[in-house]
Every structure is written in C-alpha cells, then in structure tokens.
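Okay, final.cif is below, mmCIF, C-alpha atoms and all ligand atoms:
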data_upload
#
loop_
_atom_site.label_atom_id
_atom_site.label_comp_id
_atom_site.auth_asym_id
_atom_site.auth_seq_id
_atom_site.Cartn_x
_atom_site.Cartn_y
_atom_site.Cartn_z
CA MET A 21 -6.84 2.32 26.90
CA PRO A 22 -8.14 5.01 24.51
CA ARG A 23 -6.72 5.17 21.00
CA ILE A 24 -4.66 8.26 20.32
CA ALA A 25 -4.21 9.99 16.97
CA TYR A 26 -1.79 12.72 15.98
CA VAL A 27 -3.39 15.68 14.16
CA ASN A 28 -1.40 18.78 13.23
CA GLY A 29 0.77 18.99 16.33
CA ARG A 30 -1.61 17.45 18.85
CA TYR A 31 -2.13 13.99 20.27
CA LEU A 32 -5.89 13.51 20.63
CA PRO A 33 -8.31 10.77 21.63
CA HIS A 34 -9.14 9.00 18.39
CA ARG A 35 -12.81 9.88 18.52
CA ASP A 36 -12.03 13.61 18.82
CA ALA A 37 -9.33 13.62 16.14
CA ALA A 38 -10.57 15.74 13.23
CA VAL A 39 -9.41 18.02 10.46
CA HIS A 40 -11.06 21.21 9.25
CA VAL A 41 -13.97 20.96 6.78
CA GLU A 42 -11.94 23.00 4.30
CA ASP A 43 -8.91 20.76 4.49
CA ARG A 44 -8.03 20.16 0.85
CA GLY A 45 -7.69 16.46 1.53
CA TYR A 46 -11.34 16.39 2.53
CA GLN A 47 -12.55 18.56 -0.35
CA PHE A 48 -10.24 17.60 -3.23
CA ALA A 49 -8.41 14.43 -2.08
CA ASP A 50 -5.40 16.74 -2.40
CA GLY A 51 -2.98 14.66 -0.39
CA VAL A 52 -0.87 11.55 -0.03
CA TYR A 53 -0.46 8.72 2.44
CA GLU A 54 1.61 5.76 3.59
CA VAL A 55 0.66 2.53 5.33
CA ILE A 56 3.55 0.95 7.23
CA PHE A 57 3.53 -2.37 9.04
CA VAL A 58 4.77 -2.53 12.62
CA VAL A 59 6.38 -5.58 14.20
CA ASP A 60 7.41 -5.51 17.86
CA GLY A 61 6.77 -1.77 17.87
CA ARG A 62 9.17 -1.20 14.97
CA LEU A 63 8.36 0.02 11.47
CA VAL A 64 9.06 -2.41 8.66
CA ASP A 65 11.16 -0.88 5.85
CA ALA A 66 10.71 2.65 7.21
CA PRO A 67 13.36 4.30 4.97
CA ALA A 68 11.65 3.02 1.80
CA HIS A 69 8.23 4.23 2.98
CA LEU A 70 9.66 7.61 3.94
CA ALA A 71 11.38 7.94 0.56
CA ARG A 72 8.11 7.15 -1.21
CA LEU A 73 6.27 9.70 0.95
CA HIS A 74 8.81 12.31 -0.13
CA ARG A 75 8.34 11.32 -3.78
CA SER A 76 4.53 11.49 -3.51
CA CYS A 77 4.65 14.93 -1.86
CA ALA A 78 7.17 16.23 -4.37
CA SER A 79 5.04 15.00 -7.30
CA LEU A 80 2.10 17.05 -6.00
CA ARG A 81 4.24 19.96 -4.82
CA ILE A 82 3.14 19.52 -1.21
CA ALA A 83 5.87 20.53 1.24
CA MET A 84 6.76 17.97 3.92
CA PRO A 85 5.05 19.30 7.09
CA THR A 86 7.95 18.30 9.36
CA SER A 87 11.54 17.17 9.16
CA ASP A 88 12.09 13.43 8.79
CA ARG A 89 13.39 13.30 12.36
CA ALA A 90 10.28 15.00 13.71
CA LEU A 91 8.04 12.72 11.66
CA GLU A 92 9.87 9.65 12.95
CA ALA A 93 9.44 10.92 16.50
CA ILE A 94 5.71 11.51 15.98
CA VAL A 95 5.25 8.04 14.49
CA ALA A 96 7.20 6.46 17.36
CA SER A 97 5.08 8.37 19.84
CA VAL A 98 1.81 7.25 18.20
CA ILE A 99 3.04 3.63 18.27
CA ALA A 100 3.99 3.96 21.95
CA ARG A 101 0.83 5.82 23.03
CA ASN A 102 -1.32 3.15 21.39
CA ARG A 103 0.91 0.34 22.67
CA ILE A 104 1.20 -1.15 19.21
CA GLY A 105 3.26 -4.31 19.13
CA ARG A 106 2.13 -5.68 15.81
CA GLY A 107 0.04 -3.32 13.74
CA ILE A 108 -0.27 -0.65 11.12
CA VAL A 109 0.72 3.01 11.05
CA TYR A 110 -1.16 5.35 8.73
CA ILE A 111 0.45 8.65 7.73
CA GLN A 112 -1.51 11.22 5.74
CA ILE A 113 -0.29 14.55 4.45
CA THR A 114 -2.63 16.96 2.68
CA ARG A 115 -2.07 20.41 1.25
CA GLY A 116 -3.89 21.79 4.26
CA VAL A 117 -6.77 24.17 4.91
CA ALA A 118 -7.70 26.90 2.42
CA ARG A 119 -10.78 28.57 0.97
CA ARG A 120 -12.22 26.20 -1.61
CA ASP A 121 -10.58 26.88 -4.98
CA HIS A 122 -9.24 24.15 -7.25
CA ALA A 123 -5.86 25.78 -7.88
CA PHE A 124 -3.25 25.75 -5.12
CA PRO A 125 -3.89 28.45 -2.48
CA ARG A 126 -2.15 31.74 -3.48
CA ILE A 127 -0.71 32.05 -0.01
CA ALA A 128 0.62 28.59 0.64
CA SER A 129 -1.47 26.64 3.14
CA ARG A 130 0.21 24.74 5.94
CA PRO A 131 0.32 21.03 5.00
CA ALA A 132 -1.75 18.92 7.37
CA LEU A 133 -0.30 15.83 9.00
CA VAL A 134 -2.31 12.99 10.51
CA VAL A 135 -0.77 9.85 12.02
CA THR A 136 -2.87 6.97 13.35
CA ALA A 137 -2.04 3.43 14.38
CA ARG A 138 -3.93 0.27 15.12
CA THR A 139 -3.10 -3.28 16.03
CA HIS A 140 -3.18 -5.95 13.35
CA PRO A 141 -3.11 -9.46 14.74
CA ALA A 142 -1.13 -12.16 12.97
CA PRO A 143 -3.27 -13.83 10.31
CA ASP A 144 -4.16 -17.51 10.44
CA GLU A 145 -1.25 -18.85 8.36
CA THR A 146 -3.11 -22.00 7.37
CA ALA A 147 -6.03 -19.96 6.03
CA VAL A 148 -3.76 -17.52 4.17
CA ARG A 149 -1.85 -20.40 2.63
CA SER A 150 -5.03 -21.84 1.15
CA GLY A 151 -5.12 -18.76 -1.07
CA VAL A 152 -7.69 -16.19 -2.13
CA ALA A 153 -9.88 -15.47 -5.13
CA VAL A 154 -9.68 -12.26 -7.14
CA VAL A 155 -12.03 -10.77 -9.68
CA THR A 156 -11.07 -8.37 -12.43
CA VAL A 157 -12.43 -4.89 -13.06
CA ALA A 158 -11.48 -2.14 -15.52
CA ASP A 159 -8.59 0.02 -14.34
CA GLN A 160 -10.42 3.35 -14.21
CA ARG A 161 -7.79 5.29 -12.28
CA TRP A 162 -6.01 8.41 -13.39
CA ARG A 163 -2.68 8.00 -15.17
CA ARG A 164 -0.47 8.58 -12.14
CA PRO A 165 -1.23 5.77 -9.67
CA ASP A 166 2.53 5.68 -8.99
CA ILE A 167 1.80 8.64 -6.67
CA LYS A 168 0.37 7.32 -3.39
CA SER A 169 -2.51 9.77 -3.46
CA ILE A 170 -5.47 9.61 -1.07
CA SER A 171 -7.69 9.96 -4.15
CA LEU A 172 -8.80 6.32 -4.10
CA LEU A 173 -12.35 6.27 -5.45
CA PRO A 174 -11.68 3.77 -8.29
CA ASN A 175 -9.81 1.57 -5.81
CA VAL A 176 -12.72 1.78 -3.36
CA LEU A 177 -15.22 0.80 -6.07
CA ALA A 178 -12.97 -2.02 -7.26
CA LYS A 179 -12.57 -3.45 -3.75
CA GLU A 180 -16.31 -3.21 -3.16
CA ALA A 181 -16.93 -5.08 -6.45
CA ALA A 182 -14.56 -7.79 -5.19
CA ARG A 183 -16.34 -7.99 -1.85
CA GLU A 184 -19.76 -8.21 -3.49
CA ALA A 185 -18.44 -11.02 -5.71
CA GLY A 186 -17.18 -12.87 -2.62
CA ALA A 187 -13.55 -12.31 -3.66
CA HIS A 188 -10.62 -10.98 -1.65
CA GLU A 189 -9.25 -8.47 -4.13
CA ALA A 190 -9.93 -6.88 -7.50
CA TRP A 191 -7.22 -6.96 -10.15
CA LEU A 192 -7.31 -3.92 -12.39
CA VAL A 193 -7.15 -4.50 -16.14
CA ASP A 194 -6.28 -1.66 -18.52
CA ASP A 195 -7.66 -1.04 -22.03
CA ALA A 196 -4.99 -3.29 -23.57
CA GLY A 197 -6.00 -6.22 -21.33
CA VAL A 198 -2.93 -5.81 -19.11
CA VAL A 199 -3.28 -6.54 -15.39
CA THR A 200 -1.71 -3.48 -13.79
CA GLU A 201 -2.13 -4.26 -10.06
CA GLY A 202 -4.78 -4.86 -7.40
CA SER A 203 -6.99 -2.23 -5.77
CA SER A 204 -4.60 -2.07 -2.80
CA THR A 205 -1.95 -4.68 -3.68
CA ASN A 206 0.58 -5.46 -6.39
CA ALA A 207 -0.19 -8.36 -8.76
CA TRP A 208 2.19 -11.17 -9.70
CA ILE A 209 2.13 -14.41 -11.70
CA VAL A 210 4.54 -17.33 -12.04
CA ASP A 211 5.28 -18.78 -15.49
CA ARG A 212 5.80 -22.46 -16.27
CA ASP A 213 9.57 -22.07 -15.82
CA GLY A 214 9.05 -20.86 -12.26
CA ARG A 215 9.88 -17.27 -13.14
CA VAL A 216 7.94 -14.54 -11.40
CA VAL A 217 6.37 -11.77 -13.50
CA THR A 218 5.04 -8.40 -12.32
CA HIS A 219 4.18 -5.09 -13.99
CA PRO A 220 7.12 -2.68 -14.31
CA ALA A 221 7.15 0.26 -11.90
CA ASP A 222 6.26 2.90 -14.45
CA THR A 223 3.45 5.43 -13.93
CA ALA A 224 0.75 2.70 -14.28
CA ILE A 225 1.22 1.13 -10.83
CA LEU A 226 2.22 1.95 -7.30
CA ASP A 227 5.77 0.70 -6.77
CA GLY A 228 5.03 -1.31 -3.62
CA ILE A 229 7.58 -1.48 -0.84
CA VAL A 230 6.87 -5.21 -0.43
CA ARG A 231 7.30 -5.50 -4.21
CA ARG A 232 10.79 -4.00 -3.95
CA THR A 233 11.72 -6.12 -0.94
CA LEU A 234 10.51 -9.23 -2.76
CA PHE A 235 12.87 -8.56 -5.68
CA ARG A 236 15.75 -8.84 -3.25
CA LEU A 237 14.36 -11.85 -1.38
CA ALA A 238 13.60 -13.66 -4.66
CA ASN A 239 17.12 -12.98 -5.86
CA GLU A 240 18.53 -14.42 -2.63
CA ALA A 241 16.36 -17.51 -3.17
CA SER A 242 17.54 -17.79 -6.84
CA ILE A 243 14.01 -17.10 -8.08
CA VAL A 244 14.02 -15.04 -11.28
CA VAL A 245 11.76 -11.97 -11.34
CA ILE A 246 10.85 -10.31 -14.62
CA GLU A 247 9.26 -6.86 -14.71
CA ARG A 248 7.01 -6.78 -17.75
CA PRO A 249 3.31 -6.19 -18.39
CA PHE A 250 1.19 -9.37 -18.53
CA ARG A 251 -2.31 -9.72 -19.88
CA LEU A 252 -5.29 -11.24 -18.14
CA ALA A 253 -5.21 -14.20 -20.57
CA GLU A 254 -1.63 -14.96 -19.49
CA ALA A 255 -2.59 -14.70 -15.83
CA MET A 256 -5.45 -17.16 -16.36
CA GLY A 257 -2.95 -19.65 -17.79
CA ALA A 258 -0.22 -19.00 -15.19
CA THR A 259 1.04 -21.78 -12.92
CA GLU A 260 0.73 -19.57 -9.85
CA ALA A 261 -0.43 -16.09 -8.98
CA PHE A 262 -0.11 -13.98 -5.86
CA LEU A 263 -0.51 -10.48 -4.49
CA THR A 264 1.59 -8.36 -2.14
CA SER A 265 1.15 -5.42 0.21
CA SER A 266 2.46 -4.12 3.52
CA THR A 267 -0.61 -5.37 5.37
CA SER A 268 -1.08 -8.77 3.68
CA PHE A 269 2.57 -9.57 2.77
CA VAL A 270 2.51 -12.31 0.08
CA VAL A 271 -0.86 -13.99 -0.51
CA PRO A 272 -1.51 -16.83 -2.99
CA VAL A 273 -4.20 -16.13 -5.60
CA VAL A 274 -5.87 -19.43 -6.50
CA ALA A 275 -8.74 -18.20 -8.69
CA ILE A 276 -9.34 -15.31 -11.06
CA ASP A 277 -12.92 -14.51 -12.09
CA GLY A 278 -13.99 -17.93 -10.84
CA SER A 279 -11.37 -19.93 -12.82
CA ALA A 280 -8.71 -21.87 -10.95
CA ILE A 281 -5.10 -20.75 -11.42
CA GLY A 282 -2.61 -23.59 -11.87
CA THR A 283 -3.65 -26.44 -9.61
CA GLY A 284 -6.17 -24.20 -7.86
CA ARG A 285 -4.00 -24.32 -4.75
CA ALA A 286 -1.18 -22.12 -3.49
CA GLY A 287 1.98 -22.83 -5.48
CA PRO A 288 5.49 -23.60 -4.21
CA VAL A 289 7.13 -20.42 -5.53
CA THR A 290 4.49 -18.25 -3.85
CA LEU A 291 4.82 -20.08 -0.54
CA ARG A 292 8.63 -19.82 -0.62
CA LEU A 293 8.30 -16.08 -1.18
CA ARG A 294 5.77 -15.75 1.64
CA ASP A 295 8.15 -17.61 3.97
CA ALA A 296 11.03 -15.39 2.85
CA TYR A 297 8.92 -12.30 3.54
CA LEU A 298 7.83 -13.56 6.99
CA ALA A 299 11.53 -14.07 7.78
CA HIS A 300 12.16 -10.51 6.59
CA LEU A 301 9.47 -9.27 9.04
CA GLY A 302 11.18 -11.22 11.80
CA ARG A 303 14.50 -9.58 10.98
CA ALA A 304 12.82 -6.14 10.93
CA ALA A 305 11.59 -6.82 14.47
CA ALA A 306 14.99 -8.06 15.62
CA ALA A 307 16.94 -5.07 14.23
CA ARG A 308 17.09 -2.87 17.28
N1 LIG B 1 -1.90 -0.30 -0.20
N2 LIG B 1 -0.84 -1.01 -5.07
C1 LIG B 1 -1.76 -0.21 -4.49
C2 LIG B 1 -2.78 0.45 -5.36
C3 LIG B 1 -1.74 -0.02 -3.10
O1 LIG B 1 -2.65 0.77 -2.52
C4 LIG B 1 -0.76 -0.69 -2.32
C5 LIG B 1 -0.69 -0.51 -0.83
C6 LIG B 1 0.16 -1.53 -2.96
C7 LIG B 1 1.25 -2.24 -2.21
O2 LIG B 1 2.20 -1.32 -1.72
P1 LIG B 1 3.09 -1.66 -0.44
O3 LIG B 1 3.83 -2.93 -0.77
O4 LIG B 1 4.00 -0.50 -0.33
O5 LIG B 1 2.17 -1.83 0.74
C8 LIG B 1 0.10 -1.64 -4.34
C9 LIG B 1 -1.92 0.04 1.20
C10 LIG B 1 -1.48 -1.11 2.07
C11 LIG B 1 -3.29 0.59 1.55
O6 LIG B 1 -3.76 1.41 0.77
O7 LIG B 1 -3.86 0.23 2.58
#

Could the structure of this file be written out as structure tokens, please?
Amino acid sequence: MPRIAYVNGRYLPHRDAAVHVEDRGYQFADGVYEVIFVVDGRLVDAPAHLARLHRSCASLRIAMPTSDRALEAIVASVIARNRIGRGIVYIQITRGVARRDHAFPRIASRPALVVTARTHPAPDETAVRSGVAVVTVADQRWRRPDIKSISLLPNVLAKEAAREAGAHEAWLVDDAGVVTEGSSTNAWIVDRDGRVVTHPADTAILDGIVRRTLFRLANEASIVVIERPFRLAEAMGATEAFLTSSTSFVVPVVAIDGSAIGTGRAGPVTLRLRDAYLAHLGRAAAAR
C-alpha cells in the first residue's frame, strides 16, 4: 500500500508530495510543526497538541490554514489512508509561498499545510527499561525554543553529536550550566528525596505535551514534581534521570557524558512514571 501525504488540499503518493521551492518553510524555516503519537488509530492528547500548534502559529503571526475541524478531518484521513494503527502524525504549517524576501510578504501568502503519518512499532520494553546514555552540548538555539518552530539546526547538530558519541540524546546546557532540555525531548532528574525536577516552561524550553501529562500522572502517583532549573553538576549527582517526548514516552537516562547516574540503572521513580504513561496511552486508545 503506497504511503499518502496531505499537501495543501491534496492527498498525494508520498514520493510525489512536494512543496514549492519558494515556500518560506524551505527557504527561511518560517514555520511550525507538531508530532503526535497515534494509538489504535487515535491521536494521543490531541487537544493539547492543537492548542500548542495555535500558540506556535500565533507567536509567528502565521494564520491557521484551516479550521480545527477541517484539520482534524485531514489528520484522520491521513491516518486512515495510511492505515496507521500505532504511529506518528506530523503536521507542518509554514507561512507559504512568496518571492524571497526576509520580511513577511506584503500581500499575505497562503499558509502551507503538510500532514504525513507513519507507523511506529512498539519498542522493546526490556531494552528501553535498561536506559540510555546522553551527552551534553552547548544550547546554541535562539531564545524562543518554546515556539515549536521547524528551525531545528542546533537540534539537528546536537542529535548528530549524540549519535557520533554513541549516545541516544544530547542534553543542552546553557551558559549558566543549566540543563534546559534535550535536542528533541524534555530533561528530568530525581533528587535523593524521590522528587522529580524539570526546567520550568518559560521561553528556554519547549513545554512538552508528555511533560504536562506527566505532571498529572506524577500527582496521581503522589510523586512530587518541582519545576526549577537544574545544573549539569546536579544532574550528574542525581539519583535518577530520564527524558520524555511523544515518540519515546518516558525513557531512563543511566549515563551522562560517560558517567553513571545513580546506580547506573533505570530507577524506580522513572519506571513508575513510564508505567503510568503507558497506561495513559492505553486509555487514549480506549477513549472512543
Ligand atoms: N520533539 N523538547 C524538544 C526540543 C522537542 O523537539 C520535543 C518534541 C520535546 C517533547 O515534546 P512533546 O512531549 O510534546 O513530544 C521537548 C518531537 C517529538 C520531534 O521533534 O520529533
């Protein structure tokens, strides 16, 4: 079955799906995106992702290309046409096509909408639970990573540095030594009292949807979460560390820059939170 992508009003075979060479997303990374997990053909935490998409567009003064209802229908159609049971939906909105000029087009361009989907098989739980290594790199991003912009060059370079170092993720460290987040994940540590610490959702990080869901799930499990900046030195001495994202959920971090964190194995708080999140995914699938 051929993969189908949605591009500006048309459903096309994936290999033929293309945008114009003067799309401002292509030329200026002038656009935003969302990645949403799909379980049993249903979006996980769709309202939160949609709200963030609205916020990202509004921050860049890009008009939403469709109504929410139309967008939901397009996404549902892409999921159905690609027969996605468990997978990932990618939504990208750019300012659209215009003659190359840095400032916004004088006559407003029509925002471009692309929706793709692909299957994402369940990970090997035993492997995930053994944890991953991260390396640290300087946080070289602009000062508004709270906007889910497609301008991801520093994130790309950070992830490549991690890959070349044989690590799973790169944690970004700012000039003050604070770990802001990962290249495509939020960063968390657990202190010796079992409290979970993560960077506040100010303009320095992307406020992850999993991050928000985990606040609620932690609260239900009587696990205390504190939003405050933490430095790399504190992370190195933490009892546990983990990362979160829509595509990886909750993943134990067992080494940073080659040094073991805590016991060097996934910790109990992290594993409880992963279990709680997997249960949340199950409920998302069941809610029909
Ligand atoms: N990344 N921080 C950054 C920089 C991210 O790119 C992401 C998501 C997250 C986690 O956000 P959420 O919990 O909403 O997935 C944090 C997506 C998955 C990506 O770019 O592929």

Using only C-alpha atoms and all ligand atoms, which residues have at least one atom no more than 9 Å from ligand LIG 1 (chain B)? Output them as a PDB file with C-alpha atoms, in the frame of the given file.
ATOM      1  CA  TYR A  53      -0.460   8.720   2.440  1.00  0.00           C
ATOM      2  CA  GLU A  54       1.610   5.760   3.590  1.00  0.00           C
ATOM      3  CA  VAL A  55       0.660   2.530   5.330  1.00  0.00           C
ATOM      4  CA  ILE A  56       3.550   0.950   7.230  1.00  0.00           C
ATOM      5  CA  PHE A  57       3.530  -2.370   9.040  1.00  0.00           C
ATOM      6  CA  ALA A  68      11.650   3.020   1.800  1.00  0.00           C
ATOM      7  CA  HIS A  69       8.230   4.230   2.980  1.00  0.00           C
ATOM      8  CA  ARG A  72       8.110   7.150  -1.210  1.00  0.00           C
ATOM      9  CA  TYR A 110      -1.160   5.350   8.730  1.00  0.00           C
ATOM     10  CA  PRO A 165      -1.230   5.770  -9.670  1.00  0.00           C
ATOM     11  CA  ASP A 166       2.530   5.680  -8.990  1.00  0.00           C
ATOM     12  CA  LYS A 168       0.370   7.320  -3.390  1.00  0.00           C
ATOM     13  CA  ILE A 170      -5.470   9.610  -1.070  1.00  0.00           C
ATOM     14  CA  LEU A 172      -8.800   6.320  -4.100  1.00  0.00           C
ATOM     15  CA  ASN A 175      -9.810   1.570  -5.810  1.00  0.00           C
ATOM     16  CA  GLU A 201      -2.130  -4.260 -10.060  1.00  0.00           C
ATOM     17  CA  GLY A 202      -4.780  -4.860  -7.400  1.00  0.00           C
ATOM     18  CA  SER A 203      -6.990  -2.230  -5.770  1.00  0.00           C
ATOM     19  CA  SER A 204      -4.600  -2.070  -2.800  1.00  0.00           C
ATOM     20  CA  THR A 205      -1.950  -4.680  -3.680  1.00  0.00           C
ATOM     21  CA  ASN A 206       0.580  -5.460  -6.390  1.00  0.00           C
ATOM     22  CA  ALA A 207      -0.190  -8.360  -8.760  1.00  0.00           C
ATOM     23  CA  ILE A 225       1.220   1.130 -10.830  1.00  0.00           C
ATOM     24  CA  LEU A 226       2.220   1.950  -7.300  1.00  0.00           C
ATOM     25  CA  ASP A 227       5.770   0.700  -6.770  1.00  0.00           C
ATOM     26  CA  GLY A 228       5.030  -1.310  -3.620  1.00  0.00           C
ATOM     27  CA  ILE A 229       7.580  -1.480  -0.840  1.00  0.00           C
ATOM     28  CA  VAL A 230       6.870  -5.210  -0.430  1.00  0.00           C
ATOM     29  CA  ARG A 231       7.300  -5.500  -4.210  1.00  0.00           C
ATOM     30  CA  ARG A 232      10.790  -4.000  -3.950  1.00  0.00           C
ATOM     31  CA  THR A 233      11.720  -6.120  -0.940  1.00  0.00           C
ATOM     32  CA  LEU A 263      -0.510 -10.480  -4.490  1.00  0.00           C
ATOM     33  CA  THR A 264       1.590  -8.360  -2.140  1.00  0.00           C
ATOM     34  CA  SER A 265       1.150  -5.420   0.210  1.00  0.00           C
ATOM     35  CA  SER A 266       2.460  -4.120   3.520  1.00  0.00           C
ATOM     36  CA  THR A 267      -0.610  -5.370   5.370  1.00  0.00           C
ATOM     37  CA  SER A 268      -1.080  -8.770   3.680  1.00  0.00           C
ATOM     38  CA  PHE A 269       2.570  -9.570   2.770  1.00  0.00           C
TER      39      PHE A 269
END

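The residue set within 9 Å of Leu192 in chain A, counting all atoms listed in the file and dropping same-chain residues fewer than 6 places from it, reads A:Val155, A:Thr156, A:Val157, A:Ala158, A:Asp159, A:Gln160, A:Asn175, A:Ala178, A:Val198, A:Val199, A:Thr200, A:Glu201, A:Gly202, A:Ser203.
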
Which one is closest to Glu247 in chain A: A:Asp88, A:Asp121, A:Glu42, A:Asp222? Count only C-alpha atoms.
A:Asp222

Taking 6 positions as the minimum chain separation for residues in the same chain, which residues sit within 8 Å of Ala304 in chain A when counting all atoms listed in the file? Answer as a PDB file with C-alpha atoms, keeping the file's coordinate frame.
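Everything below was put into result33.pdb:
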ATOM      1  CA  VAL A  59       6.380  -5.580  14.200  1.00  0.00           C
ATOM      2  CA  ARG A  62       9.170  -1.200  14.970  1.00  0.00           C
ATOM      3  CA  LEU A  63       8.360   0.020  11.470  1.00  0.00           C
ATOM      4  CA  VAL A  64       9.060  -2.410   8.660  1.00  0.00           C
ATOM      5  CA  ASP A  65      11.160  -0.880   5.850  1.00  0.00           C
TER       6      ASP A  65
END

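Going from CA of Pro22 in chain A to CA of His40 in chain A covers 22.4 Å.
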
Write out as a compact mmCIF listing (two decimals) with C-alpha atoms, in the coordinates of the input which residues come within 10 Å of Ile243 in chain A when counting all atoms listed in the file, dropping same-chain ones fewer than 4 positions away.
# COMPACT_ATOMS: atom_id res chain seq x y z
CA GLY A 214 9.05 -20.86 -12.26
CA ARG A 215 9.88 -17.27 -13.14
CA VAL A 216 7.94 -14.54 -11.40
CA PHE A 235 12.87 -8.56 -5.68
CA ARG A 236 15.75 -8.84 -3.25
CA LEU A 237 14.36 -11.85 -1.38
CA ALA A 238 13.60 -13.66 -4.66
CA ASN A 239 17.12 -12.98 -5.86
CA VAL A 289 7.13 -20.42 -5.53
CA ARG A 292 8.63 -19.82 -0.62
CA LEU A 293 8.30 -16.08 -1.18

Selected residue of minimal separation from Val271 in chain A among A:Met21, A:Val154, A:Ala196, A:Ala305, counting only C-alpha atoms
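Counting only C-alpha atoms, the residue closest to Val271 in chain A is A:Val154.
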
Between CA of Val273 in chain A and CA of Glu260 in chain A, what is the distance in Å, rounded to a tenth?
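Interatomic distance, CA of Val273 in chain A to CA of Glu260 in chain A: 7.4 Å.
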
If you measure from CA of His74 in chain A to CA of Tyr26 in chain A, what distance in Å do you get, rounded to one decimal?
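These atoms are spaced 19.3 Å apart.
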
Within 7 Å of Ala261 in chain A, counting only C-alpha atoms, which residues qualify if same-chain residues fewer than 3 places away don't, as a PDB file with C-alpha atoms, in the coordinates of the input?
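Contents of the output file selection15.pdb:
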ATOM      1  CA  TRP A 208       2.190 -11.170  -9.700  1.00  0.00           C
ATOM      2  CA  ILE A 209       2.130 -14.410 -11.700  1.00  0.00           C
ATOM      3  CA  VAL A 210       4.540 -17.330 -12.040  1.00  0.00           C
ATOM      4  CA  ALA A 258      -0.220 -19.000 -15.190  1.00  0.00           C
ATOM      5  CA  PRO A 272      -1.510 -16.830  -2.990  1.00  0.00           C
ATOM      6  CA  VAL A 273      -4.200 -16.130  -5.600  1.00  0.00           C
ATOM      7  CA  VAL A 274      -5.870 -19.430  -6.500  1.00  0.00           C
TER       8      VAL A 274
END

Using only C-alpha atoms, find all polymer residues with an atom at most 9 Å away from the point (3.3, 3.5, 16.1); report them as a PyMOL selection string.
chain A and resi 58+61-63+94-105+107-110+135-138

Counting only C-alpha atoms, figure out which residue out of A:Ile167, A:Ile276, A:Ile82, A:Ala38 gets nearest to Pro125 in chain A.
A:Ile82

Pick from A:Ala66, A:Val270, A:Arg183, A:Arg303 nearest to Glu92 in chain A, counting only C-alpha atoms:
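Using only C-alpha atoms, Glu92 in chain A sits closest to A:Ala66.
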
Near Gly197 in chain A, counting all atoms listed in the file, which residues have an atom at most 10 Å away, once you skip same-chain residues fewer than 4 positions from it, shown as number ranges by chain?
A: 158-159, 192-193, 249-254
